[in-house]
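A.B. asks: Before I ask anything, let me first share the structure, which is written out below as structure tokens.
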Amino acid sequence: MKLEVLGLDYDQRIACFMINARADYDWYLAKTQGSEANLAIQRDVIKGTKPYRTLRADLKMGCILPTIVLAVRDVDLTPTERYSKEQGFIEASRDDLLLLTAAIDAATPADIDIVDGLQRTNALRQTLSELEGAAKAAFLARSLRLEIWVGIPFYSLAYRMLLLNAGQKPMSMKHQIDILSRGLADDLKDLPGIEIITIKDHKRRVKPGQFHLSTLAQAFQAWLQRNPNVDVSNMVVETLIVDEALETLGVDLQSGDGANHRDNFREFVTWLLALDKILGEGNNRFLGNDTVVLGFAAAVGFAYKNEQLRDRVQPAMTSLLEEAKADPDDPMGVNSFDALRRSIDTRRSNVGEATREFVFRAVREYIMQSGTSSMTECWTQSATMM
């Protein structure tokens with residue numbers, strides 16, 4: 001297994017070091033073991049089409065694949081501290097390149113995400129499964145070019161990935177956010193009281209503070225798009241949403257580290273945890289419902305994006321926590337919510353979409369009024385538009 005770091009660059013737009021490297025197939029396939037399995041549920045892995053059959057045949061003949069892009073977390077970046085981030089062409093010393101090689105080589109598959117190259121990775125694995133003996137050993141010894149983003153924050157990675165895909169026929173924004181979800185989990189895992197549940201945990205939410213990673217990833221998408229429902233089959237709508245997301249992430253990256261946007265979304269999740277705790281186990285199903293969380297995320301994201309509403313978010317969220325505390329029997333009108341949600345006409349509406357819109361409108365109205373109306377009143381007002 002071989003890895004060789006060839007060079008070092010610094011991306012001033014997203015404030016991140018980029019490493020150019022090459023590795024043999026053996027190293028690459030071992031370090032990304034499981035990554036494509038995680039992503040396959042988000043984007044179908046192409047197996048049987050003629051172009052990919054041709055690619056596998058070419059791989060057996062020794063073709064060189066286009067560069068694959070990886071993101072690696074928890075890497076020791078001490079060697080990079082010796083170089084100016086303003087330098088256009090960094091000439092890293094051989095010793096520092098060796099140190100970076102060792103740092104990346106120490107990463108585990110759990111620290112590595114495939115940002116660009118999922119289909120190529122699956123082509124490599126399928127080709128390997130078709131080989132035996134000397135042919136297999138020779139295949140594993142071949143070289144692969146890599147571009148590695150090291151220690152890149154989740155929000156910067158989201159911006160870069162959306163931008164890279166925007167100029168071609170892309171995965172949907174949802175698929176891309178889901179791919180980055182492990183980075184989102186790393187960013188949120190230090191919030192007091194949170195327990196993030198992944199697919200591999202095989203656990204259900206049974207108490208406040210527990211949220212499935214898939215729910216948080218979808219909440220981030222709803223936050224960015226400021227809409228709880230998106231018609232992903234409409235590519236015009238999808239393109240406009242990606243453009244809006246890039247603008248939002250891009251503006252916040254101007255500070256150098258994306259702190260503004262990062263703090264706003266973390267602030268939302270922190271508030272969500274506080275509300276969850278107040279509601280208690282007796283109302284565990286309320287925020288255990290993905291549709292409710294997405295409605296809240298979209299409404300708060302909408303308000304933060306609107307200059308006239310931005311300053312009302314904090315007072316409204318604080319007011320809502322106080323309102324929930326004041327009535328333990330029916331905090332923030334959850335009984336009214338349940339009754340009104342059950343009144344959705346299933347013959348005319350998709351219940352999930354209608355519920356997300358119902359929550360979105362109610363929470364948006366609560367924020368617009370700075371919490372001066374009760375949440376029960378806002379549930380009722382929102383229900384008149386169902």
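Labeling convention for the structure tokens: chains A, B, ... as they appear, residues from 1 per chain, ligands from 1 in order of appearance.
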Which residues are close to range 183-194 of chain A, i.e. within 9 Å by only C-alpha atoms, leaving aside same-chain residues fewer than 5 positions away? Reply as a list in words.
C.D. replies: Arg73, Asp113, Pro153, Phe154, Tyr155, Leu157, Ile177, Pro208, Gly209, Gln210, Phe211, Leu213, Leu216, Ala217, Phe220, Arg262, Arg266, Val269, Thr270, Leu273, Ala274 and Lys277 of chain A
A.B. asks: What residues in range 58-219 of chain A get the DSSP label helix (DSSP H, G or I)? Please answer as number ranges by chain.
C.D. replies: A: 58-60, 78-82, 94-105, 109-111, 118-129, 133-140, 154-166, 173-179, 181-188, 199-201, 213-219
A.B. asks: Excluding Arg356 in chain A and residues on its chain fewer than 6 positions from it, collect all residues at most 7 Å away from it, counting only C-alpha atoms, and give them as a list in words.
C.D. replies: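 So the residues in contact are Pro228, Thr291, Val292, Leu294 and Gly295 of chain A.
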A.B. asks: Write the residues of the selection above to a file with C-alpha atoms, as an mmCIF file, in the first residue's frame.
C.D. replies:
```
data_model
loop_
_atom_site.group_PDB
_atom_site.id
_atom_site.type_symbol
_atom_site.label_atom_id
_atom_site.label_comp_id
_atom_site.auth_asym_id
_atom_site.auth_seq_id
_atom_site.Cartn_x
_atom_site.Cartn_y
_atom_site.Cartn_z
ATOM 1 C CA PRO A 228 -39.477 22.555 3.626
ATOM 2 C CA THR A 291 -41.645 16.767 8.955
ATOM 3 C CA VAL A 292 -41.817 18.988 12.046
ATOM 4 C CA LEU A 294 -37.856 20.366 8.540
ATOM 5 C CA GLY A 295 -40.680 22.860 8.880
#
```
A.B. asks: Can you pull out the residues contacting range 61-71 of chain A? Cut-off 9 Å, using only C-alpha atoms, and skip same-chain residues under 4 positions away; I want them as a list in words.
C.D. replies: Leu55, Arg56, Ala57, Asp111, Ile112, Asp113, Ile114, Val115, Asp116, Gly117, Leu118, Arg120, Thr121, Phe139, Arg142, Ser143, Leu144, Arg145, Leu146, Glu147, Ile148, Trp149, Val150, Gly151, Ile152 and Leu157 of chain A
A.B. asks: Enter the distance from CA of Leu275 in chain A to CA of Leu309 in chain A, in Å, rounded to one decimal.
C.D. replies: 21.0 Å
A.B. asks: Compare A:Ser156, A:Ser181, A:Thr32, A:Asn284 by their minimum atom-to-atom distance to Ala107 in chain A, counting only C-alpha atoms, and give me the closest one.
C.D. replies: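 Among the listed residues, the smallest separation from Ala107 in chain A belongs to A:Thr32.
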A.B. asks: Env of Arg94 in chain A: 10 Å cut, atoms = only C-alpha atoms, seq-sep filter 3 positions within chain, self excluded. Answer as JSON, numbers by chain.
C.D. replies: {"A": [5, 6, 7, 91, 97, 98, 99, 100]}
A.B. asks: Restricting the output to C-alpha atoms, write the selected residues as a tab-separated table (two decimals), in the first residue's frame.
C.D. replies:
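And here's out-v6.tsv as it stands now:
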```
chain	number	residue	atom	x	y	z
A	5	VAL	CA	2.07	13.50	-1.30
A	6	LEU	CA	3.35	15.51	-4.25
A	7	GLY	CA	2.42	19.08	-3.45
A	91	GLU	CA	7.06	24.94	-2.60
A	97	LEU	CA	5.57	16.38	2.30
A	98	LEU	CA	6.69	13.21	4.04
A	99	LEU	CA	5.07	14.39	7.30
A	100	LEU	CA	1.81	15.09	5.45
```
A.B. asks: Could you check which of A:Glu130, A:Val293, A:Phe286, A:Ala21 is closest to Leu272 in chain A, using only C-alpha atoms?
C.D. replies: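 Among the listed residues, A:Val293 lies closest to Leu272 in chain A.
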